[in-house]
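Undergrad: See final-v1.csv below, with CSV, C-alpha atoms.
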```
chain,number,residue,atom,x,y,z
M,1,MET,CA,40.0,-29.1,154.5
M,2,SER,CA,39.1,-26.8,157.4
M,3,VAL,CA,39.5,-23.7,155.1
M,4,PHE,CA,37.2,-25.4,152.5
M,5,ILE,CA,34.6,-26.1,155.1
M,6,LYS,CA,34.7,-22.5,156.4
M,7,GLN,CA,34.3,-21.2,152.9
M,8,GLU,CA,31.6,-23.6,151.6
M,9,HIS,CA,29.6,-24.4,154.8
M,10,THR,CA,25.9,-23.8,155.0
M,11,ILE,CA,23.2,-24.1,157.7
M,12,GLY,CA,20.9,-27.1,157.4
M,13,GLY,CA,17.6,-27.3,159.3
M,14,PHE,CA,16.8,-31.0,158.9
M,15,LYS,CA,13.3,-30.4,160.2
M,16,ASP,CA,11.5,-33.1,158.4
M,17,SER,CA,12.0,-36.7,157.4
M,18,ASP,CA,12.9,-36.1,153.8
M,19,SER,CA,16.2,-37.5,152.5
M,20,TRP,CA,19.0,-34.9,152.2
M,21,VAL,CA,22.1,-34.4,150.2
M,22,ILE,CA,25.2,-32.3,150.7
M,23,LEU,CA,25.2,-29.5,148.1
M,24,SER,CA,27.4,-26.8,146.9
M,25,PRO,CA,26.0,-23.2,147.1
M,26,ILE,CA,25.2,-23.2,143.3
M,27,GLU,CA,23.6,-26.6,143.5
M,28,ARG,CA,21.5,-25.5,146.5
M,29,SER,CA,20.4,-22.4,144.5
M,30,ILE,CA,19.4,-24.5,141.5
M,31,LYS,CA,17.4,-26.9,143.7
M,32,GLN,CA,15.6,-24.1,145.4
M,33,LYS,CA,14.7,-22.5,142.1
M,34,ILE,CA,13.4,-25.6,140.4
M,35,GLU,CA,11.4,-26.5,143.6
M,36,SER,CA,9.9,-23.0,143.8
M,37,ILE,CA,8.8,-22.9,140.2
M,38,GLY,CA,8.2,-26.6,139.5
M,39,THR,CA,5.4,-28.9,140.6
M,40,SER,CA,6.2,-32.5,141.6
M,41,LEU,CA,5.1,-35.0,139.0
M,42,LYS,CA,2.9,-36.8,141.6
M,43,TYR,CA,0.6,-33.7,141.4
M,44,TRP,CA,0.4,-33.6,137.6
M,45,ASP,CA,-2.5,-35.1,135.6
M,46,ILE,CA,-0.5,-38.2,134.8
M,47,GLU,CA,-0.1,-41.8,136.0
M,48,ILE,CA,3.1,-43.8,136.2
M,49,TYR,CA,3.0,-47.6,136.1
M,50,ARG,CA,5.5,-50.5,136.1
M,51,GLY,CA,5.6,-52.6,132.9
M,52,ILE,CA,4.1,-56.1,132.5
M,53,LEU,CA,5.1,-58.9,134.9
M,54,THR,CA,4.4,-62.2,133.1
M,55,GLY,CA,5.4,-64.6,135.9
M,56,TYR,CA,7.3,-66.6,133.3
M,57,ASN,CA,8.8,-64.8,130.3
M,58,GLU,CA,9.8,-68.0,128.5
M,59,ALA,CA,6.2,-68.8,127.9
M,60,PHE,CA,4.6,-65.4,127.1
M,61,ILE,CA,7.4,-63.4,125.4
M,62,ILE,CA,8.1,-64.9,122.0
M,63,SER,CA,10.1,-64.2,118.9
M,64,GLY,CA,8.7,-63.2,115.6
M,65,GLU,CA,9.5,-66.6,114.3
M,66,GLN,CA,7.5,-68.2,117.1
M,67,ARG,CA,4.6,-65.9,116.5
M,68,THR,CA,4.6,-66.9,112.8
M,69,LYS,CA,4.6,-70.6,113.8
M,70,ILE,CA,1.7,-70.1,116.2
M,71,LEU,CA,-0.4,-68.2,113.6
M,72,ASN,CA,0.3,-70.8,111.0
M,73,ASN,CA,-0.9,-73.5,113.4
M,74,CYS,CA,-4.3,-71.9,113.8
M,75,THR,CA,-7.2,-74.1,112.8
M,76,SER,CA,-9.2,-71.5,111.0
M,77,ALA,CA,-9.1,-67.9,109.6
M,78,ASP,CA,-11.3,-66.8,112.5
M,79,GLU,CA,-8.9,-68.3,115.1
M,80,ARG,CA,-5.9,-66.7,113.3
M,81,LYS,CA,-7.6,-63.3,113.5
M,82,ARG,CA,-8.3,-63.7,117.2
M,83,THR,CA,-4.8,-64.9,117.8
M,84,GLU,CA,-3.2,-62.0,115.9
M,85,GLU,CA,-5.1,-59.6,118.2
M,86,LEU,CA,-3.9,-61.6,121.3
M,87,ILE,CA,-0.2,-61.3,120.4
M,88,ARG,CA,1.2,-57.8,120.7
M,89,PRO,CA,4.7,-56.2,120.2
M,90,ILE,CA,6.6,-55.6,123.4
M,91,LEU,CA,9.6,-53.6,124.3
M,92,ARG,CA,12.1,-54.4,127.1
M,93,GLY,CA,13.6,-51.6,129.1
M,94,ARG,CA,16.9,-51.8,127.3
M,95,ASP,CA,15.1,-51.4,123.9
M,96,ILE,CA,13.9,-47.9,124.8
M,97,LYS,CA,16.1,-45.1,123.7
M,98,ARG,CA,16.0,-41.3,123.9
M,99,TYR,CA,13.0,-40.3,121.7
M,100,SER,CA,13.2,-43.7,120.0
M,101,TYR,CA,13.4,-47.5,120.4
M,102,HIS,CA,15.1,-50.5,119.0
M,103,TRP,CA,12.5,-53.3,118.8
M,104,ALA,CA,14.0,-56.8,119.0
M,105,ASN,CA,10.9,-58.3,117.2
M,106,LEU,CA,9.6,-59.7,120.5
M,107,TRP,CA,5.9,-60.3,121.1
M,108,LEU,CA,3.8,-60.8,124.2
M,109,ILE,CA,1.0,-63.4,124.3
M,110,TRP,CA,-1.5,-61.0,126.0
M,111,ILE,CA,-3.7,-63.1,128.3
M,112,PRO,CA,-4.6,-60.9,131.4
M,113,TRP,CA,-5.6,-62.8,134.5
M,114,HIS,CA,-9.2,-61.6,134.0
M,115,PHE,CA,-9.3,-62.7,130.3
M,116,PRO,CA,-12.9,-62.6,128.8
M,117,LEU,CA,-13.0,-66.4,129.0
M,118,HIS,CA,-12.3,-66.4,132.7
M,119,LEU,CA,-15.1,-67.8,134.8
M,120,ASP,CA,-16.1,-67.4,138.5
M,121,ASN,CA,-13.9,-69.9,140.3
M,122,THR,CA,-16.3,-70.2,143.2
M,123,ILE,CA,-18.4,-72.3,140.9
M,124,GLN,CA,-17.4,-76.0,140.9
M,125,GLY,CA,-15.6,-77.0,137.7
M,126,ALA,CA,-15.4,-73.4,136.4
M,127,SER,CA,-11.6,-73.5,136.0
M,128,GLU,CA,-11.8,-76.7,133.9
M,129,LYS,CA,-14.6,-75.2,131.8
M,130,ALA,CA,-12.6,-71.9,131.3
M,131,GLU,CA,-9.6,-73.9,130.1
M,132,LYS,CA,-11.6,-75.9,127.7
M,133,GLU,CA,-13.1,-72.7,126.2
M,134,PHE,CA,-9.7,-71.1,125.9
M,135,LYS,CA,-8.3,-74.2,124.1
M,136,LYS,CA,-11.3,-74.2,121.8
M,137,HIS,CA,-11.0,-70.5,120.8
M,138,TYR,CA,-7.2,-70.3,120.9
M,139,THR,CA,-6.0,-73.7,120.0
M,140,ALA,CA,-2.6,-72.7,118.6
M,141,VAL,CA,-1.7,-70.5,121.6
M,142,TYR,CA,-2.9,-73.2,124.0
M,143,ASN,CA,-0.7,-75.8,122.3
M,144,HIS,CA,2.3,-73.4,122.7
M,145,LEU,CA,1.6,-72.7,126.4
M,146,ILE,CA,0.8,-76.3,127.4
M,147,LYS,CA,4.5,-77.0,127.1
M,148,PHE,CA,5.1,-74.7,130.1
M,149,LYS,CA,2.1,-75.8,132.2
M,150,ALA,CA,4.2,-77.1,135.1
M,151,GLN,CA,6.2,-73.9,135.4
M,152,LEU,CA,3.2,-71.7,135.0
M,153,SER,CA,1.1,-73.7,137.5
M,154,ALA,CA,3.9,-73.3,140.1
M,155,ARG,CA,3.7,-69.5,140.1
M,156,ASN,CA,2.6,-67.9,143.3
M,157,LYS,CA,-1.1,-67.2,143.4
M,158,ALA,CA,-1.4,-66.2,147.0
M,159,GLU,CA,-2.1,-62.5,146.4
M,160,THR,CA,-5.7,-61.5,147.2
M,161,GLY,CA,-7.3,-64.9,147.2
M,162,ILE,CA,-8.4,-64.4,143.6
M,163,ARG,CA,-7.2,-67.3,141.4
M,164,TYR,CA,-6.0,-66.8,137.9
M,165,GLU,CA,-5.6,-69.5,135.3
M,166,TRP,CA,-2.3,-71.2,134.6
M,167,TYR,CA,-2.3,-70.0,131.0
M,168,ALA,CA,-2.8,-66.3,132.0
M,169,LEU,CA,-0.2,-63.6,132.8
M,170,GLN,CA,0.8,-63.0,136.4
M,171,ARG,CA,-1.9,-61.1,138.2
M,172,TRP,CA,-0.6,-57.5,138.2
M,173,GLY,CA,-1.8,-54.0,137.5
M,174,ALA,CA,-5.4,-55.0,136.6
M,175,ASN,CA,-6.4,-51.4,137.1
M,176,TYR,CA,-4.2,-50.0,134.3
M,177,LEU,CA,-4.3,-52.7,131.5
M,178,GLU,CA,-6.2,-50.3,129.2
M,179,ASP,CA,-3.4,-47.7,129.5
M,180,PHE,CA,-1.2,-49.7,127.2
M,181,SER,CA,-3.6,-48.9,124.4
M,182,LYS,CA,-3.3,-45.1,125.0
M,183,PRO,CA,-0.7,-42.6,123.9
M,184,LYS,CA,2.1,-43.1,126.5
M,185,ILE,CA,5.7,-42.3,127.4
M,186,LEU,CA,7.8,-45.4,127.9
M,187,TYR,CA,11.1,-45.5,129.7
M,188,GLN,CA,13.6,-47.9,131.1
M,189,GLU,CA,14.3,-48.2,134.8
M,190,LEU,CA,18.2,-48.2,134.8
M,191,THR,CA,20.0,-45.9,132.4
M,192,GLN,CA,23.1,-43.9,131.8
M,193,GLY,CA,21.0,-40.9,130.9
M,194,SER,CA,17.5,-39.8,129.9
M,195,SER,CA,15.8,-42.4,127.7
M,196,PHE,CA,12.1,-41.5,127.2
M,197,PHE,CA,10.1,-42.5,124.1
M,198,TYR,CA,6.7,-41.2,123.2
M,199,ASP,CA,4.5,-44.0,121.8
M,200,ASP,CA,1.7,-41.9,120.3
M,201,SER,CA,0.9,-44.8,118.0
M,202,CYS,CA,-0.3,-46.8,121.0
M,203,ASN,CA,1.5,-49.8,119.5
M,204,PHE,CA,3.8,-51.2,122.2
M,205,LEU,CA,3.5,-53.0,125.5
M,206,VAL,CA,6.5,-52.8,127.8
M,207,SER,CA,8.0,-55.4,130.1
M,208,ASN,CA,8.6,-55.0,133.9
M,209,THR,CA,12.1,-53.5,133.2
M,210,GLY,CA,10.4,-50.4,132.0
M,211,TYR,CA,7.6,-48.0,132.9
M,212,LEU,CA,4.8,-46.2,131.2
M,213,ILE,CA,3.4,-42.7,131.8
M,214,THR,CA,-0.1,-41.8,130.6
M,215,GLY,CA,-2.1,-38.6,131.0
M,216,GLN,CA,-2.1,-35.0,129.6
M,217,HIS,CA,0.5,-33.0,127.7
M,218,LEU,CA,2.8,-35.9,127.1
M,219,ASP,CA,4.4,-34.2,124.1
M,220,TYR,CA,5.4,-31.4,126.5
M,221,LEU,CA,6.5,-33.7,129.3
M,222,ILE,CA,8.8,-35.9,127.2
M,223,LYS,CA,10.8,-32.9,126.1
M,224,LEU,CA,11.4,-32.0,129.7
M,225,LEU,CA,12.3,-35.5,130.8
M,226,ASN,CA,14.7,-35.9,127.8
M,227,SER,CA,16.4,-32.6,128.5
M,228,LYS,CA,20.0,-32.5,129.9
M,229,LEU,CA,18.9,-30.0,132.6
M,230,ILE,CA,16.2,-32.3,134.0
M,231,GLU,CA,18.5,-35.3,133.7
M,232,VAL,CA,21.2,-33.6,135.8
M,233,VAL,CA,18.6,-32.3,138.3
M,234,TYR,CA,17.1,-35.7,138.7
M,235,SER,CA,20.4,-37.5,138.9
M,236,LYS,CA,21.8,-35.0,141.5
M,237,PHE,CA,18.9,-34.4,143.8
M,238,TYR,CA,16.3,-37.2,143.4
M,239,ALA,CA,17.6,-40.4,141.9
M,240,THR,CA,18.7,-43.7,143.3
M,241,LYS,CA,22.0,-44.7,141.7
M,242,ILE,CA,23.7,-48.0,141.0
M,243,GLY,CA,27.4,-47.4,140.0
M,244,SER,CA,27.3,-45.0,137.1
M,245,GLY,CA,23.7,-45.8,136.3
M,246,ILE,CA,20.5,-43.9,137.2
M,247,ARG,CA,17.4,-45.7,138.5
M,248,TRP,CA,14.2,-44.0,137.3
M,249,LEU,CA,12.0,-45.5,140.0
M,250,SER,CA,8.4,-44.3,140.0
M,251,GLN,CA,8.5,-43.2,143.6
M,252,ASN,CA,11.6,-41.1,142.9
M,253,ILE,CA,10.5,-39.6,139.6
M,254,LYS,CA,7.1,-38.6,141.1
M,255,GLN,CA,9.1,-36.3,143.4
M,256,LEU,CA,10.7,-34.5,140.5
M,257,PRO,CA,9.5,-30.9,140.3
M,258,LEU,CA,8.9,-29.7,136.7
M,259,PRO,CA,7.5,-26.5,135.3
M,260,ILE,CA,3.8,-27.4,135.0
M,261,TYR,CA,2.2,-26.8,131.6
M,262,ASN,CA,0.7,-23.5,130.7
M,263,ALA,CA,0.0,-22.0,127.3
M,264,SER,CA,3.4,-20.2,127.1
M,265,TYR,CA,5.5,-23.2,128.2
M,266,VAL,CA,3.7,-25.8,126.1
M,267,THR,CA,3.9,-23.8,122.9
M,268,LYS,CA,7.6,-22.9,123.2
M,269,ILE,CA,8.8,-26.3,124.5
M,270,THR,CA,6.7,-28.5,122.1
M,271,SER,CA,7.6,-26.3,119.1
M,272,ALA,CA,11.3,-26.5,119.8
M,273,THR,CA,13.1,-28.4,117.1
M,274,THR,CA,16.5,-28.8,118.8
M,275,ASP,CA,17.8,-29.8,122.2
M,276,GLU,CA,19.4,-26.4,122.5
M,277,GLU,CA,16.1,-24.6,122.1
M,278,VAL,CA,14.5,-26.8,124.8
M,279,GLU,CA,17.4,-26.1,127.2
M,280,PHE,CA,17.3,-22.3,126.5
M,281,GLU,CA,13.6,-22.3,127.4
M,282,LEU,CA,14.2,-24.2,130.6
M,283,TYR,CA,16.9,-21.7,131.6
M,284,ARG,CA,14.5,-18.9,131.0
M,285,ILE,CA,11.5,-20.5,132.8
M,286,LEU,CA,13.7,-21.3,135.8
M,287,HIS,CA,15.4,-17.9,135.9
M,288,LEU,CA,18.8,-19.4,136.0
M,289,SER,CA,21.9,-17.1,136.3
M,290,GLU,CA,24.8,-17.3,133.9
M,291,GLU,CA,26.8,-19.2,136.6
M,292,GLU,CA,23.9,-21.7,137.0
M,293,ILE,CA,23.6,-22.1,133.2
M,294,GLN,CA,27.3,-22.8,133.0
M,295,TYR,CA,26.9,-25.5,135.7
M,296,PHE,CA,24.6,-27.5,133.4
M,297,LYS,CA,26.7,-26.9,130.3
M,298,GLU,CA,29.7,-28.4,132.1
M,299,ALA,CA,27.8,-31.3,133.7
```
Before we go any further, please render this structure as structure tokens.
TA:
Amino acid sequence: MSVFIKQEHTIGGFKDSDSWVILSPIERSIKQKIESIGTSLKYWDIEIYRGILTGYNEAFIISGEQRTKILNNCTSADERKRTEELIRPILRGRDIKRYSYHWANLWLIWIPWHFPLHLDNTIQGASEKAEKEFKKHYTAVYNHLIKFKAQLSARNKAETGIRYEWYALQRWGANYLEDFSKPKILYQELTQGSSFFYDDSCNFLVSNTGYLITGQHLDYLIKLLNSKLIEVVYSKFYATKIGSGIRWLSQNIKQLPLPIYNASYVTKITSATTDEEVEFELYRILHLSEEEIQYFKEA
């Protein structure tokens, strides 16, 4: 052991409050290169948000069969059209795969806390009036949710003093609701490897076991995030781990330094048709030595 320490030891400054890890010389060299060339994701023109917190999944996340039943119980064609717009497909974290997804035919009854029918609760009787209006416009959905009123009413509302109706989703992320309707990268929090999916169709919502990324150059970013090189770098230097799993927490992934987009990088990475081509470009961009390249191939 003493011989190993003498051969492999290095000097550590520990001059700041950042977390630290014990690295081999080659790992230290790789970390230094990627941090000198890359830019932490927190400085990119992107946003990373947690998925939807309903407050009570049993009421709001429904099967395809339940969705059909609700739609068939609508009282008019207009109500059915409104209701179809209210119920949107949702992915759980575990449904998200690398470059793809496996949808379990689950749907979210999408009623944000500041739903258009929401009224100012400082006005006496406003809550009752809002509920009556909701029932009038969405009778079939109301009849579904009323079965869960006791559980939904028991949810904690002591957040900012702003009340939300019992039939609405938990009050969360009000500042990024519109981002679900944009092109976005979706990923699950706990994985065995990189599992990022680019939803350029703007079709899916994601539950709170997943995250979404919106912003610029997502077609470039997703190839970086799904690469073996970046998976190894994140897992080794930045991730929180649970057993053999990797947690892609937003506060950790924001620290990940990646080669920020420029015309050369974007063109070569986004036009790559195989994983090997992406890895080769990353080796070149990061100026990795043959020994460092071999480290990733054996990881």
Undergrad: Using Å and a single decimal, report how far CA of Lys228 in chain M sits from CA of Val206 in chain M.
TA: 24.5 Å
Undergrad: Can you tell me, as an MDAnalysis selection string, what residues are no more than 7 Å from range 76-81 of chain M when counting all atoms listed in the file, ignoring any on the same chain fewer than 4 positions away?
TA: chainID M and resid 71 85 137:138
Undergrad: May I have the protein, DNA and RNA residues with any atom at most 8 Å from the point (12.3, -52.3, 133.6), counting all atoms listed in the file, written as a PyMOL selection string?
TA: chain M and resi 50-51+92-94+187-190+207-211
Undergrad: Would you output that residue set with C-alpha atoms, as an mmCIF file, in the coordinates of the input?
TA:
```
data_model
loop_
_atom_site.group_PDB
_atom_site.id
_atom_site.type_symbol
_atom_site.label_atom_id
_atom_site.label_comp_id
_atom_site.auth_asym_id
_atom_site.auth_seq_id
_atom_site.Cartn_x
_atom_site.Cartn_y
_atom_site.Cartn_z
ATOM 1 C CA ARG M 50 5.500 -50.500 136.100
ATOM 2 C CA GLY M 51 5.600 -52.600 132.900
ATOM 3 C CA ARG M 92 12.100 -54.400 127.100
ATOM 4 C CA GLY M 93 13.600 -51.600 129.100
ATOM 5 C CA ARG M 94 16.900 -51.800 127.300
ATOM 6 C CA TYR M 187 11.100 -45.500 129.700
ATOM 7 C CA GLN M 188 13.600 -47.900 131.100
ATOM 8 C CA GLU M 189 14.300 -48.200 134.800
ATOM 9 C CA LEU M 190 18.200 -48.200 134.800
ATOM 10 C CA SER M 207 8.000 -55.400 130.100
ATOM 11 C CA ASN M 208 8.600 -55.000 133.900
ATOM 12 C CA THR M 209 12.100 -53.500 133.200
ATOM 13 C CA GLY M 210 10.400 -50.400 132.000
ATOM 14 C CA TYR M 211 7.600 -48.000 132.900
#
```
Undergrad: Choose the residue, out of M:Asp179, M:Glu165, M:Glu84, M:Glu231, that has the smallest atom-to-atom separation from Trp248 in chain M; count all atoms listed in the file.
TA: M:Glu231
Undergrad: Rounded to one decimal in Å, what is the spacing between CA of Leu145 in chain M and CA of Ile109 in chain M?
TA: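 Computing the Euclidean distance for CA of Leu145 in chain M and CA of Ile109 in chain M yields 9.6 Å.
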Undergrad: Using Å and a single decimal, report how far CA of Lys42 in chain M sits from CA of Lys297 in chain M.
TA: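 CA of Lys42 in chain M lies 28.1 Å from CA of Lys297 in chain M.
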Undergrad: Pick from M:Thr54, M:Asn105, M:Thr39, M:Thr139: nearest to Arg67 in chain M, with all atoms listed in the file counted?
TA: M:Asn105
Undergrad: Nearest residue to Asp219 in chain M out of M:Phe180, M:Ile146, M:Tyr99, M:Trp110, using all atoms listed in the file?
TA: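 The closest residue to Asp219 in chain M is M:Tyr99.
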Undergrad: Restricting the calculation to only C-alpha atoms: of M:Arg247, M:Ala140, M:Gln170, M:Tyr43, which residue gets closest to Ala154 in chain M?
TA: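 Of M:Arg247, M:Ala140, M:Gln170, M:Tyr43, the one nearest Ala154 in chain M is M:Gln170, counting only C-alpha atoms.
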Undergrad: For a cut-off of 9 Å around (11.6, -44.7, 125.4), file coordinates, pick out all residues using only C-alpha atoms and list them as a list in words.
TA: Gly93, Asp95, Ile96, Lys97, Arg98, Tyr99, Ser100, Tyr101, Ile185, Leu186, Tyr187, Gln188, Ser194, Ser195, Phe196, Phe197, Tyr198, Asp199 and Gly210 of chain M
Undergrad: Report as a list in words all protein, DNA and RNA residues lying within 7 Å of range 249-258 of chain M, evaluated on all atoms listed in the file, omitting residues in the same chain fewer than 6 positions from it.
TA: Ile34, Glu35, Gly38, Thr39, Ser40, Leu41, Lys42, Ile48, Glu189, Tyr234, Tyr238 and Ala239 of chain M
Undergrad: Taking all atoms listed in the file into account, name the residue in M:Cys202, M:Ile87, M:Ile213, M:Ile260 that is nearest to Leu286 in chain M.
TA: M:Ile260
Undergrad: Identify which of the residues M:Val233, M:Ile293, M:Ile61, M:Ile269 lies closest to Ala104 in chain M, counting all atoms listed in the file when measuring atom-to-atom distances.
TA: M:Ile61
